[in-house]
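Here the structure is laid out as structure tokens; the discussion comes afterwards.
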Amino acid sequence: MLINLNKYNIARFAVVSPEVRIADVPFNVEKIKEAVGTGLENKCNFYLFPELSITGYSCGDLFFQDNLNRAVEQGLLDLQKFTQQQAVSIVVGAPLRSLGKMFNCAVFISNGQILGVVPKTFIPNYDEYYEERWFSGDGDRNCSFIEINGMEIPFGADLVFQAKDFPLLRIGIEICEDLWSVVPPSSDLALAGANVLLNLSASSEYLGKAEYRRNLVVSQSARCHAAYLYSSAGPGESSTDFIMSGHCIIAENGRALEESRRFSFNTQMIISDVDIEKLNSERLKNSSFATGRTQKQYKTIGFEFGTVSSTKLLRHIPKLPFVPRSYQQKKEVCEEILNIQITALSKRLKHIGIQNVVLGVSGGLDSTLALIVCAKTFERLGLNKNGILAVSMPCFGTSSRTKINAKKLSEALGVSFREIDITDTVRSHFKDILHNENQTDLVFENAQARVRTLILMDLANKLNGIVVGTGDLSEAALGWSTYNGDHMSMYNVNSGVPKTLVMYLIDWAKDNLFSGEASQILGNIMETPISPELLPASEDELVQQTEKIIGPYLLHDFFLYYFARFGYSPTKIMMMAKVAFGEKFKNYEIKDSMKKFITRFFVNQYKRSCVPDGVKVGTVALSPRGDWRMPSDAVMEVWLSEIDRFEI
């Protein structure tokens with residue numbers, strides 16, 4: 001599959017720490033060109049190099065030598081011609097003179113032109129750094145242009161570079177110490193619209209500094225809702241009393257996408273695809289960012305980024321965006337989620353001063369998680385778990401497997417259990433509304449759900465308790481609930497947990513919170529097909545399987561995350577799904593599931609507009625009082641028409 005990255009607002013960048021010889025400009029220029037040649041094999045058009053990469057950072061008083069300065073200008077001319085031949089953009093570090101002063105600069109060269117020169121703002125002069133001996137800072141410059149090889153080039157830390165062929169992409173530049181300052185220039189550049197921040201660095205190495213540096217880069221990318229590309233000089237710069245390691249990092253909105261291997265004398269390169277649309281989405285939603293003001297005026301300089309088409313996306317797209325990627329994180333994340341749910345329910349019970357809860361248990365995933373949360377809540381509050389009433393309400397479609405699992409799990413957790421067969425009650429209701437029992441339509445199904453809710457509500461009143469809801473976030477997104485049936489409760493502990501995360505939590509609980517029979521029952525529940533069990537079963541075989549009706553939850557949760565979290569178009573989400581799942585789903589399955597997701601999401605907003613209180617767990621939530629405000633009458637045609645036109 002050939003992907004036009006620009007079409008999906010994804011930009012590919014390379015960050016390089018090249019092999020360097022101190023003061024050997026021709027050698028260094030050749031290594032820069034070699035690195036670009038290697039990157040072109042990965043369809044990359046844009047390259048960042050370290051601070052003073054043309055000369056080497058460690059030149060000392062050689063920076064004052066005219067020979068070195070002439071070599072720099074010749075090297076820049078050579079790189080201009082090279083970028084024109086290769087149709088690429090590069091940002092390199094160079095010492096440049098202007099009106100009797102020397103500046104430590106980033107030089108932006110694109111398609112044969114030097115488009116702008118950004119001087120370092122903060123000049124370090126402490127510990128092993130002695131830059132004030134050679135360099136002036138941006139505040140010391142006397143003009144807004146610098147002459148290089150007879151050409152006047154825009155000059156200053158007030159430059160933002162915007163791709164003319166990729167309008168969303170805006171680049172800002174700072175140099176090394178700038179990031180370590182109290183107020184980094186990149187913060188102001190971000191407010192001026194730069195969503196990709198570059199840092200050319202020559203950071204010395206000592207014990208513990210790499211972690212500090214990494215945290216600094218990652219946190220600045222989060223604070224600025226930006227990508228932060230960091231390139232530091234390598235061991236070839238090491239001289240006298242300090243060494244450098246060639247640390248390169250690509251971070252995006254608080255997460256490191258790629259990081260180089262340090263301490264290699266050979267050229268090191270990392271390449272990653274940055275999602276510019278994701279960054280802009282974060283900024284649009286953040287009111288603090290919207291009210292921020294820049295401290296100075298910025299000049300915008302246009303450049304040609306170039307189209308990047310590739311058969312491979314150089315960023316990880318997880319199949320399960322709601323589920324932690326790292327196994328090492330599993331315990332920490334699962335404990336955190338359960339703590340959120342338990343604390344939320346505890347607060348509600350303490351506030352209203354009751355010691356009883358009622359919930360329906362079906363032997364399925366959602367009610368199992370809710371029951372675990374209730375049991376752990378009562379343990380934390382020191383309440384008798386007899387105050388938890390788990391109610392099984394079998395009817396026409398209930399299988400013996402789920403009924404037995406519901407009963408056994410309740411007993412294993414030490415909570416009260418009651419089985420109430422609702423078949424006669426539902427039949428009586430059919431008689432009241434003149435509905436033929438053999439007509440297994442929506443009325444047939446929803447009547448069962450509403451009778452169950454009626455029983456739970458009345459039991460809660462009788463016991464002076466509340467009904468704990470079990471419906472999950474995925475069901476809310478798809479409207480997979482009966483209005484005023486399982487749609488309703490007095491407090492929902494699962495409202496912020498999507499189906500794939502429900503499975504993950506139960507699987508973890510099976511191995512970590514429980515043992516013996518309880519663990520075995522949880523394993524059996526995990527293996528049971530997801531079903532509402534509302535249609536009559538044949539010889540205890542399920543005739544209803546949810547995912548055969550509405551599509552795979554794997555896809556729906558994937559769609560939900562990127563649709564609600566970042567506002568991506570169906571086209572982009574389907575492309576990402578194809579990359580993430582590979583051959584697991586056919587193209588038509590992804591497309592059909594997307595159409596079902598959009599349709600169900602829009603037509604069922606009215607259900608979400610009146611859901612009961614429920615706890616937010618992750619960054620995606622659909623409460624009308626919290627994260628999601630959408631009119632119930634919104635028209636979906638703009639989204640559906642895009643799906644129809646899309647070809648994967």
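Residue names in the structure tokens use chain letters A, B, ... in the order shown, residue numbers from 1 in each chain, and ligand numbers from 1 in the order shown.
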
Select from stretch 39-107 of chain A every residue with an atom at most 9 Å from any atom of stretch 24-31 of chain A, then for each give the shortest pair of atoms and their distance in Å to one decimal, using only C-alpha atoms, rows by chain and rising number, as a tab-separated table.
```
residue	atom	partner	partner_atom	distance
A:Ser53	CA	A:Asn28	CA	7.2
A:Ile54	CA	A:Val25	CA	5.6
A:Thr55	CA	A:Val25	CA	5.3
A:Gly56	CA	A:Asp24	CA	8.0
A:Leu68	CA	A:Val25	CA	7.9
A:Ala71	CA	A:Val25	CA	6.3
A:Val72	CA	A:Val25	CA	6.6
A:Gln74	CA	A:Pro26	CA	8.8
A:Gly75	CA	A:Val29	CA	6.3
A:Leu76	CA	A:Val29	CA	8.4
A:Asp78	CA	A:Val29	CA	7.9
A:Leu79	CA	A:Val29	CA	7.3
```

Could you give me the residues within stretch 341-574 of chain A that DSSP places in alpha helix (DSSP H), as a PyMOL selection string?
-> chain A and resi 341-352+365-381+400-413+423-432+442-462+473-478+499-512+516-527+546-550+553-566+570-574

Give me the residues of stretch 474-538 of chain A that have any atom at most 12 Å from an atom of stretch 344-367 of chain A; for each, the nearest atom pair and the distance in Å, rounded to one decimal. Use only C-alpha atoms, sort by chain and number, and format it as CSV.
```
residue,atom,partner,partner_atom,distance
A:Ser474,CA,A:Asp366,CA,10.8
A:Glu475,CA,A:Asp366,CA,10.1
A:Gly485,CA,A:Gly360,CA,11.5
A:Asp486,CA,A:Gly360,CA,9.1
A:Met488,CA,A:Leu359,CA,11.5
A:Ser489,CA,A:Leu359,CA,8.9
A:Met490,CA,A:Val357,CA,9.8
A:Tyr491,CA,A:Leu345,CA,7.8
A:Asn492,CA,A:Leu345,CA,8.5
A:Val493,CA,A:Leu345,CA,6.9
A:Asn494,CA,A:Asp366,CA,7.4
A:Ser495,CA,A:Asp366,CA,10.2
A:Gly496,CA,A:Ala344,CA,11.6
A:Val497,CA,A:Asp366,CA,9.4
A:Pro498,CA,A:Asp366,CA,9.7
A:Lys499,CA,A:Asp366,CA,7.9
A:Thr500,CA,A:Leu365,CA,10.2
A:Leu501,CA,A:Asp366,CA,10.4
A:Val502,CA,A:Asp366,CA,6.8
A:Met503,CA,A:Leu365,CA,6.9
A:Tyr504,CA,A:Leu365,CA,10.3
A:Leu505,CA,A:Leu365,CA,9.9
A:Ile506,CA,A:Leu365,CA,7.7
A:Asp507,CA,A:Leu365,CA,10.3
A:Ile521,CA,A:Gly363,CA,9.4
A:Leu522,CA,A:Leu365,CA,8.9
A:Gly523,CA,A:Leu365,CA,10.6
A:Asn524,CA,A:Gly363,CA,9.5
A:Ile525,CA,A:Gly364,CA,6.2
A:Met526,CA,A:Leu365,CA,7.0
A:Glu527,CA,A:Leu365,CA,9.8
A:Thr528,CA,A:Gly364,CA,7.5
A:Pro529,CA,A:Gly364,CA,8.6
A:Ile530,CA,A:Gly364,CA,7.0
A:Ser531,CA,A:Gly364,CA,7.9
A:Pro532,CA,A:Gly364,CA,8.7
A:Glu533,CA,A:Ser362,CA,9.0
A:Leu534,CA,A:Ser362,CA,11.4
```

Write out the residues from the selection above, keeping N, CA and C atoms, as a CSV table (one decimal), in the first residue's frame.
```
chain,number,residue,atom,x,y,z
A,474,SER,N,-17.5,1.8,24.8
A,474,SER,CA,-17.7,1.3,23.4
A,474,SER,C,-19.2,1.2,23.1
A,475,GLU,N,-20.0,0.7,24.0
A,475,GLU,CA,-21.4,0.6,23.9
A,475,GLU,C,-22.1,1.9,23.8
A,485,GLY,N,-33.3,1.3,29.4
A,485,GLY,CA,-33.1,-0.1,29.9
A,485,GLY,C,-31.7,-0.1,30.5
A,486,ASP,N,-30.8,-0.9,29.9
A,486,ASP,CA,-29.4,-1.0,30.4
A,486,ASP,C,-28.7,0.3,30.2
A,488,MET,N,-29.6,2.9,31.5
A,488,MET,CA,-29.9,3.7,32.7
A,488,MET,C,-29.4,3.1,34.0
A,489,SER,N,-28.9,3.9,34.9
A,489,SER,CA,-28.5,3.4,36.2
A,489,SER,C,-28.4,4.6,37.1
A,490,MET,N,-27.9,4.4,38.4
A,490,MET,CA,-27.8,5.5,39.3
A,490,MET,C,-26.3,6.0,39.4
A,491,TYR,N,-25.4,5.1,39.0
A,491,TYR,CA,-24.0,5.5,38.8
A,491,TYR,C,-23.3,4.4,38.0
A,492,ASN,N,-22.6,4.8,37.0
A,492,ASN,CA,-21.9,3.8,36.1
A,492,ASN,C,-20.4,3.8,36.3
A,493,VAL,N,-19.9,2.7,36.7
A,493,VAL,CA,-18.5,2.7,37.0
A,493,VAL,C,-17.7,2.3,35.7
A,494,ASN,N,-18.4,1.9,34.7
A,494,ASN,CA,-17.7,1.4,33.4
A,494,ASN,C,-17.8,2.5,32.3
A,495,SER,N,-18.4,3.6,32.6
A,495,SER,CA,-18.7,4.6,31.5
A,495,SER,C,-17.4,5.1,30.7
A,496,GLY,N,-16.3,5.0,31.4
A,496,GLY,CA,-15.1,5.5,30.7
A,496,GLY,C,-14.1,4.4,30.2
A,497,VAL,N,-14.6,3.1,30.3
A,497,VAL,CA,-13.8,2.0,29.9
A,497,VAL,C,-14.3,1.4,28.6
A,498,PRO,N,-13.5,1.4,27.5
A,498,PRO,CA,-14.0,0.8,26.3
A,498,PRO,C,-13.8,-0.7,26.4
A,499,LYS,N,-14.5,-1.4,25.4
A,499,LYS,CA,-14.6,-2.9,25.5
A,499,LYS,C,-13.2,-3.6,25.5
A,500,THR,N,-12.3,-3.1,24.7
A,500,THR,CA,-11.0,-3.8,24.6
A,500,THR,C,-10.2,-3.6,25.9
A,501,LEU,N,-10.5,-2.5,26.6
A,501,LEU,CA,-9.8,-2.3,27.9
A,501,LEU,C,-10.5,-3.1,29.0
A,502,VAL,N,-11.8,-3.3,28.9
A,502,VAL,CA,-12.6,-4.1,29.8
A,502,VAL,C,-11.9,-5.5,29.8
A,503,MET,N,-11.7,-6.0,28.6
A,503,MET,CA,-11.1,-7.4,28.5
A,503,MET,C,-9.7,-7.4,29.1
A,504,TYR,N,-9.0,-6.4,28.9
A,504,TYR,CA,-7.6,-6.3,29.4
A,504,TYR,C,-7.6,-6.3,30.9
A,505,LEU,N,-8.5,-5.5,31.5
A,505,LEU,CA,-8.6,-5.4,33.0
A,505,LEU,C,-9.0,-6.7,33.6
A,506,ILE,N,-10.0,-7.4,33.0
A,506,ILE,CA,-10.4,-8.7,33.6
A,506,ILE,C,-9.3,-9.7,33.4
A,507,ASP,N,-8.6,-9.7,32.3
A,507,ASP,CA,-7.5,-10.7,32.1
A,507,ASP,C,-6.4,-10.4,33.2
A,521,ILE,N,-13.2,-18.9,36.8
A,521,ILE,CA,-14.4,-18.3,36.3
A,521,ILE,C,-14.2,-17.1,35.4
A,522,LEU,N,-13.2,-16.2,35.8
A,522,LEU,CA,-12.9,-15.1,35.0
A,522,LEU,C,-12.3,-15.5,33.7
A,523,GLY,N,-11.5,-16.6,33.7
A,523,GLY,CA,-11.0,-17.1,32.4
A,523,GLY,C,-12.1,-17.6,31.5
A,524,ASN,N,-13.1,-18.3,32.1
A,524,ASN,CA,-14.3,-18.8,31.3
A,524,ASN,C,-15.1,-17.6,30.7
A,525,ILE,N,-15.2,-16.6,31.5
A,525,ILE,CA,-16.0,-15.4,31.0
A,525,ILE,C,-15.2,-14.8,29.9
A,526,MET,N,-13.9,-14.7,30.0
A,526,MET,CA,-13.1,-14.1,28.9
A,526,MET,C,-13.3,-14.9,27.6
A,527,GLU,N,-13.5,-16.2,27.7
A,527,GLU,CA,-13.6,-17.0,26.5
A,527,GLU,C,-15.1,-17.1,25.9
A,528,THR,N,-16.0,-16.5,26.6
A,528,THR,CA,-17.4,-16.5,26.2
A,528,THR,C,-17.7,-15.5,25.1
A,529,PRO,N,-18.3,-15.8,24.0
A,529,PRO,CA,-18.6,-14.8,23.0
A,529,PRO,C,-19.5,-13.7,23.5
A,530,ILE,N,-19.2,-12.5,23.1
A,530,ILE,CA,-20.0,-11.3,23.5
A,530,ILE,C,-21.4,-11.4,22.9
A,531,SER,N,-22.4,-11.3,23.8
A,531,SER,CA,-23.7,-11.4,23.3
A,531,SER,C,-24.7,-10.7,24.3
A,532,PRO,N,-25.8,-10.1,23.8
A,532,PRO,CA,-26.8,-9.5,24.7
A,532,PRO,C,-27.7,-10.6,25.2
A,533,GLU,N,-27.7,-11.8,24.5
A,533,GLU,CA,-28.6,-12.9,24.9
A,533,GLU,C,-30.0,-12.5,25.0
A,534,LEU,N,-30.6,-11.9,24.0
A,534,LEU,CA,-32.0,-11.5,24.0
A,534,LEU,C,-32.8,-12.3,23.1
```

Check the DSSP output for the backbone and give back, as an NGL selection string, the residues of stretch 22-209 of chain A in strand (DSSP E or B).
-> :A and (46-48 or 89-98 or 101-110 or 113-119 or 136 or 145-148 or 151-155 or 159-163 or 170-175 or 196-201 or 204)

Could you take the residues named above and write them with C-alpha atoms, as an mmCIF file, in the first residue's frame?
```
data_model
loop_
_atom_site.group_PDB
_atom_site.id
_atom_site.type_symbol
_atom_site.label_atom_id
_atom_site.label_comp_id
_atom_site.auth_asym_id
_atom_site.auth_seq_id
_atom_site.Cartn_x
_atom_site.Cartn_y
_atom_site.Cartn_z
ATOM 1 C CA PHE A 46 13.880 16.909 5.677
ATOM 2 C CA TYR A 47 17.023 16.583 7.857
ATOM 3 C CA LEU A 48 18.182 18.150 11.114
ATOM 4 C CA SER A 89 15.577 20.593 3.072
ATOM 5 C CA ILE A 90 18.292 20.536 5.725
ATOM 6 C CA VAL A 91 19.023 22.537 8.860
ATOM 7 C CA VAL A 92 22.726 22.648 9.777
ATOM 8 C CA GLY A 93 24.750 24.453 12.438
ATOM 9 C CA ALA A 94 27.403 26.995 11.452
ATOM 10 C CA PRO A 95 29.360 29.921 12.941
ATOM 11 C CA LEU A 96 28.521 33.071 10.961
ATOM 12 C CA ARG A 97 29.763 36.666 11.158
ATOM 13 C CA SER A 98 27.544 39.747 11.011
ATOM 14 C CA LYS A 101 30.077 39.812 15.699
ATOM 15 C CA MET A 102 30.111 36.022 15.560
ATOM 16 C CA PHE A 103 26.875 34.052 15.956
ATOM 17 C CA ASN A 104 26.196 30.386 16.621
ATOM 18 C CA CYS A 105 23.557 29.736 13.945
ATOM 19 C CA ALA A 106 21.082 27.289 12.484
ATOM 20 C CA VAL A 107 21.011 27.579 8.707
ATOM 21 C CA PHE A 108 17.821 26.516 6.912
ATOM 22 C CA ILE A 109 18.672 25.333 3.377
ATOM 23 C CA SER A 110 15.924 24.111 1.054
ATOM 24 C CA GLN A 113 18.374 28.229 -1.274
ATOM 25 C CA ILE A 114 19.400 29.442 2.154
ATOM 26 C CA LEU A 115 16.010 30.631 3.356
ATOM 27 C CA GLY A 116 16.847 31.808 6.854
ATOM 28 C CA VAL A 117 19.480 31.900 9.593
ATOM 29 C CA VAL A 118 18.498 31.563 13.259
ATOM 30 C CA PRO A 119 21.101 32.611 15.876
ATOM 31 C CA SER A 136 26.982 36.832 20.583
ATOM 32 C CA PHE A 145 19.532 40.127 7.444
ATOM 33 C CA ILE A 146 22.895 38.406 7.202
ATOM 34 C CA GLU A 147 25.130 38.226 4.158
ATOM 35 C CA ILE A 148 26.285 34.790 2.980
ATOM 36 C CA MET A 151 23.223 37.015 -0.651
ATOM 37 C CA GLU A 152 21.124 38.774 2.001
ATOM 38 C CA ILE A 153 19.390 36.134 4.111
ATOM 39 C CA PRO A 154 16.661 36.692 6.766
ATOM 40 C CA PHE A 155 18.407 36.569 10.141
ATOM 41 C CA LEU A 159 11.705 33.238 11.984
ATOM 42 C CA VAL A 160 9.042 30.602 11.392
ATOM 43 C CA PHE A 161 9.286 28.379 8.322
ATOM 44 C CA GLN A 162 6.005 27.301 6.722
ATOM 45 C CA ALA A 163 5.678 24.632 4.035
ATOM 46 C CA ARG A 170 5.225 25.291 10.552
ATOM 47 C CA ILE A 171 8.778 24.955 11.869
ATOM 48 C CA GLY A 172 10.540 26.873 14.625
ATOM 49 C CA ILE A 173 14.208 26.614 15.599
ATOM 50 C CA GLU A 174 16.185 27.002 18.816
ATOM 51 C CA ILE A 175 19.723 25.966 19.679
ATOM 52 C CA VAL A 196 7.572 21.260 14.738
ATOM 53 C CA LEU A 197 10.405 22.567 16.914
ATOM 54 C CA LEU A 198 14.020 21.901 16.017
ATOM 55 C CA ASN A 199 16.969 21.955 18.378
ATOM 56 C CA LEU A 200 20.549 21.849 17.130
ATOM 57 C CA SER A 201 22.654 20.907 20.133
ATOM 58 C CA SER A 204 28.192 17.184 26.752
#
```

Find the residues of stretch 161-254 of chain A that sit at most 9 Å from stretch 2-14 of chain A; for each, write down the nearest two atoms and how far apart they are in Å, to one decimal. Count only C-alpha atoms. Sort by chain, then by number going up, and give it as a tab-separated table.
```
residue	atom	partner	partner_atom	distance
A:Asp165	CA	A:Asn6	CA	8.7
A:Phe166	CA	A:Asn6	CA	6.8
A:Leu168	CA	A:Asn9	CA	7.4
A:Leu169	CA	A:Ala11	CA	8.1
A:Leu229	CA	A:Phe13	CA	8.5
A:Ile250	CA	A:Phe13	CA	8.7
```

May I have the selected residues written with C-alpha atoms, as an mmCIF file, in the first residue's frame?
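Written file, again_31.cif:
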```cif
data_model
loop_
_atom_site.group_PDB
_atom_site.id
_atom_site.type_symbol
_atom_site.label_atom_id
_atom_site.label_comp_id
_atom_site.auth_asym_id
_atom_site.auth_seq_id
_atom_site.Cartn_x
_atom_site.Cartn_y
_atom_site.Cartn_z
ATOM 1 C CA ASP A 165 2.894 22.653 -0.161
ATOM 2 C CA PHE A 166 1.936 21.473 3.355
ATOM 3 C CA LEU A 168 -0.366 22.854 8.373
ATOM 4 C CA LEU A 169 3.398 22.413 8.822
ATOM 5 C CA LEU A 229 13.381 17.200 17.071
ATOM 6 C CA ILE A 250 12.137 12.791 18.050
#
```

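For the pair atom CA of A:Ala23 and atom CA of A:Glu132, the interatomic distance is 19.1 Å.
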
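Of the listed residues A:Leu535, A:Ala157, A:Ala375, A:Val635, the one whose atoms come nearest to A:Asp441 is A:Leu535, with distances taken using only C-alpha atoms.
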
Nearest to A:Gly567 by atom-to-atom distance, counting only C-alpha atoms, from A:His247, A:Lys331, A:Lys407, A:Lys278 | A:Lys278

Do a neighbour search on A:Gln220 at 10 Å with only C-alpha atoms, toss out local chain neighbours closer than 5 positions, and write the hits as a ChimeraX atom specification.
-> /A:179,184,186-187,197,214-215,225-228,251-254

Grab the residues selected above and save them as a compact mmCIF listing (two decimals), in the first residue's frame with N, CA and C atoms.
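After the write, part32.txt holds the following:
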```txt
# COMPACT_ATOMS: atom_id res chain seq x y z
N LEU A 179 16.83 25.62 25.01
CA LEU A 179 15.86 24.71 25.63
C LEU A 179 16.04 24.65 27.14
N PRO A 184 12.11 28.89 27.37
CA PRO A 184 12.71 28.55 26.08
C PRO A 184 12.05 29.31 24.93
N SER A 186 11.34 28.19 22.19
CA SER A 186 10.38 27.29 21.55
C SER A 186 8.97 27.47 22.07
N SER A 187 8.81 27.89 23.32
CA SER A 187 7.46 28.13 23.86
C SER A 187 6.79 29.27 23.10
N LEU A 197 9.33 21.78 16.31
CA LEU A 197 10.40 22.57 16.91
C LEU A 197 11.72 21.81 16.77
N ARG A 214 16.43 13.82 27.92
CA ARG A 214 15.26 13.18 27.31
C ARG A 214 13.97 13.71 27.92
N ASN A 215 13.93 13.81 29.23
CA ASN A 215 12.73 14.33 29.90
C ASN A 215 12.45 15.77 29.50
N HIS A 225 2.49 21.26 22.75
CA HIS A 225 1.67 20.49 21.81
C HIS A 225 2.35 20.49 20.45
N ALA A 226 3.57 20.00 20.42
CA ALA A 226 4.40 20.08 19.22
C ALA A 226 5.24 18.82 19.09
N ALA A 227 5.83 18.68 17.91
CA ALA A 227 6.92 17.72 17.75
C ALA A 227 8.21 18.44 18.10
N TYR A 228 9.11 17.75 18.77
CA TYR A 228 10.39 18.35 19.13
C TYR A 228 11.48 17.43 18.61
N ALA A 251 10.42 13.63 19.53
CA ALA A 251 9.29 13.53 20.47
C ALA A 251 8.07 14.19 19.86
N GLU A 252 6.91 13.70 20.27
CA GLU A 252 5.66 14.25 19.75
C GLU A 252 4.64 14.34 20.88
N ASN A 253 4.32 15.55 21.27
CA ASN A 253 3.27 15.79 22.26
C ASN A 253 3.42 14.93 23.51
N GLY A 254 4.64 14.90 24.06
CA GLY A 254 4.86 14.21 25.32
C GLY A 254 5.27 12.76 25.23
```

Closest to A:Glu589 among A:Leu284, A:Arg380, A:Met574, A:Arg608, using only C-alpha atoms?
->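 Of A:Leu284, A:Arg380, A:Met574, A:Arg608, the one nearest A:Glu589 is A:Met574, counting only C-alpha atoms.
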
A:Pro624 surroundings by only C-alpha atoms, 10 Å radius, close-in-sequence under 5 positions cut, as a PyMOL selection string = chain A and resi 605+608-613+629-631

Atoms kept (N, CA and C atoms) for selection, written as a PDB file, in the first residue's frame:
```
ATOM      1  N   GLN A 605     -26.534   9.655  19.470  1.00  0.00           N
ATOM      2  CA  GLN A 605     -26.121  10.726  20.376  1.00  0.00           C
ATOM      3  C   GLN A 605     -27.201  11.035  21.406  1.00  0.00           C
ATOM      4  N   ARG A 608     -26.592   9.319  24.561  1.00  0.00           N
ATOM      5  CA  ARG A 608     -25.474   9.860  25.343  1.00  0.00           C
ATOM      6  C   ARG A 608     -25.829  11.201  25.978  1.00  0.00           C
ATOM      7  N   SER A 609     -26.776  11.903  25.403  1.00  0.00           N
ATOM      8  CA  SER A 609     -27.150  13.223  25.930  1.00  0.00           C
ATOM      9  C   SER A 609     -27.808  13.145  27.295  1.00  0.00           C
ATOM     10  N   CYS A 610     -28.246  11.953  27.701  1.00  0.00           N
ATOM     11  CA  CYS A 610     -28.923  11.851  29.004  1.00  0.00           C
ATOM     12  C   CYS A 610     -28.434  10.654  29.806  1.00  0.00           C
ATOM     13  N   VAL A 611     -27.153  10.325  29.666  1.00  0.00           N
ATOM     14  CA  VAL A 611     -26.632   9.208  30.458  1.00  0.00           C
ATOM     15  C   VAL A 611     -26.472   9.632  31.914  1.00  0.00           C
ATOM     16  N   PRO A 612     -26.532   8.664  32.832  1.00  0.00           N
ATOM     17  CA  PRO A 612     -26.317   8.989  34.252  1.00  0.00           C
ATOM     18  C   PRO A 612     -24.855   9.323  34.520  1.00  0.00           C
ATOM     19  N   ASP A 613     -24.577   9.783  35.719  1.00  0.00           N
ATOM     20  CA  ASP A 613     -23.197  10.053  36.115  1.00  0.00           C
ATOM     21  C   ASP A 613     -22.356   8.790  35.958  1.00  0.00           C
ATOM     22  N   ARG A 629     -19.652  17.150  23.705  1.00  0.00           N
ATOM     23  CA  ARG A 629     -20.889  17.906  23.502  1.00  0.00           C
ATOM     24  C   ARG A 629     -21.218  17.882  22.017  1.00  0.00           C
ATOM     25  N   MET A 630     -22.327  17.231  21.705  1.00  0.00           N
ATOM     26  CA  MET A 630     -22.705  17.037  20.305  1.00  0.00           C
ATOM     27  C   MET A 630     -24.222  17.113  20.198  1.00  0.00           C
ATOM     28  N   PRO A 631     -24.737  17.812  19.196  1.00  0.00           N
ATOM     29  CA  PRO A 631     -26.200  17.859  19.033  1.00  0.00           C
ATOM     30  C   PRO A 631     -26.739  16.496  18.613  1.00  0.00           C
TER      31      PRO A 631
END
```

So what do you get for atom CA of A:Tyr561 versus atom CA of A:Val638, distance-wise?
-> 19.3 Å

So that I can see what lies close to A:Ala634, please list as a PDB file with C-alpha atoms, in the first residue's frame the residues with an atom at most 12 Å from it, counting only C-alpha atoms and leaving out residues fewer than 5 positions away in the same chain.
```pdb
ATOM      1  CA  ILE A 598     -20.138   6.640  11.984  1.00  0.00           C
ATOM      2  CA  THR A 599     -23.808   5.798  11.466  1.00  0.00           C
ATOM      3  CA  PHE A 601     -22.262   7.149  16.585  1.00  0.00           C
ATOM      4  CA  PHE A 602     -24.383   9.903  15.050  1.00  0.00           C
ATOM      5  CA  VAL A 603     -27.860   8.389  15.356  1.00  0.00           C
ATOM      6  CA  ASN A 604     -27.325   7.400  19.000  1.00  0.00           C
ATOM      7  CA  GLN A 605     -26.121  10.726  20.376  1.00  0.00           C
ATOM      8  CA  TYR A 606     -29.569  11.200  21.952  1.00  0.00           C
ATOM      9  CA  ARG A 629     -20.889  17.906  23.502  1.00  0.00           C
ATOM     10  CA  TRP A 639     -18.479  11.716   7.022  1.00  0.00           C
TER      11      TRP A 639
END
```

Who sits within 6 Å of stretch 314-329 of chain A, only C-alpha atoms, same chain under 3 positions skipped, as a list in words = Ser272, Asp273, Glu332, Val333, Leu501 and Ala580 of chain A

Shell around A:Val579 at 8 Å using only C-alpha atoms, local window under 3 positions removed, as an MDAnalysis selection string = chainID A and resid 313 317 575:576 582

Have a look at A:Asp472, A:Asp633, A:Asp140, A:Glu177 and name the one nearest to A:Tyr126; count only C-alpha atoms.
-> A:Glu177
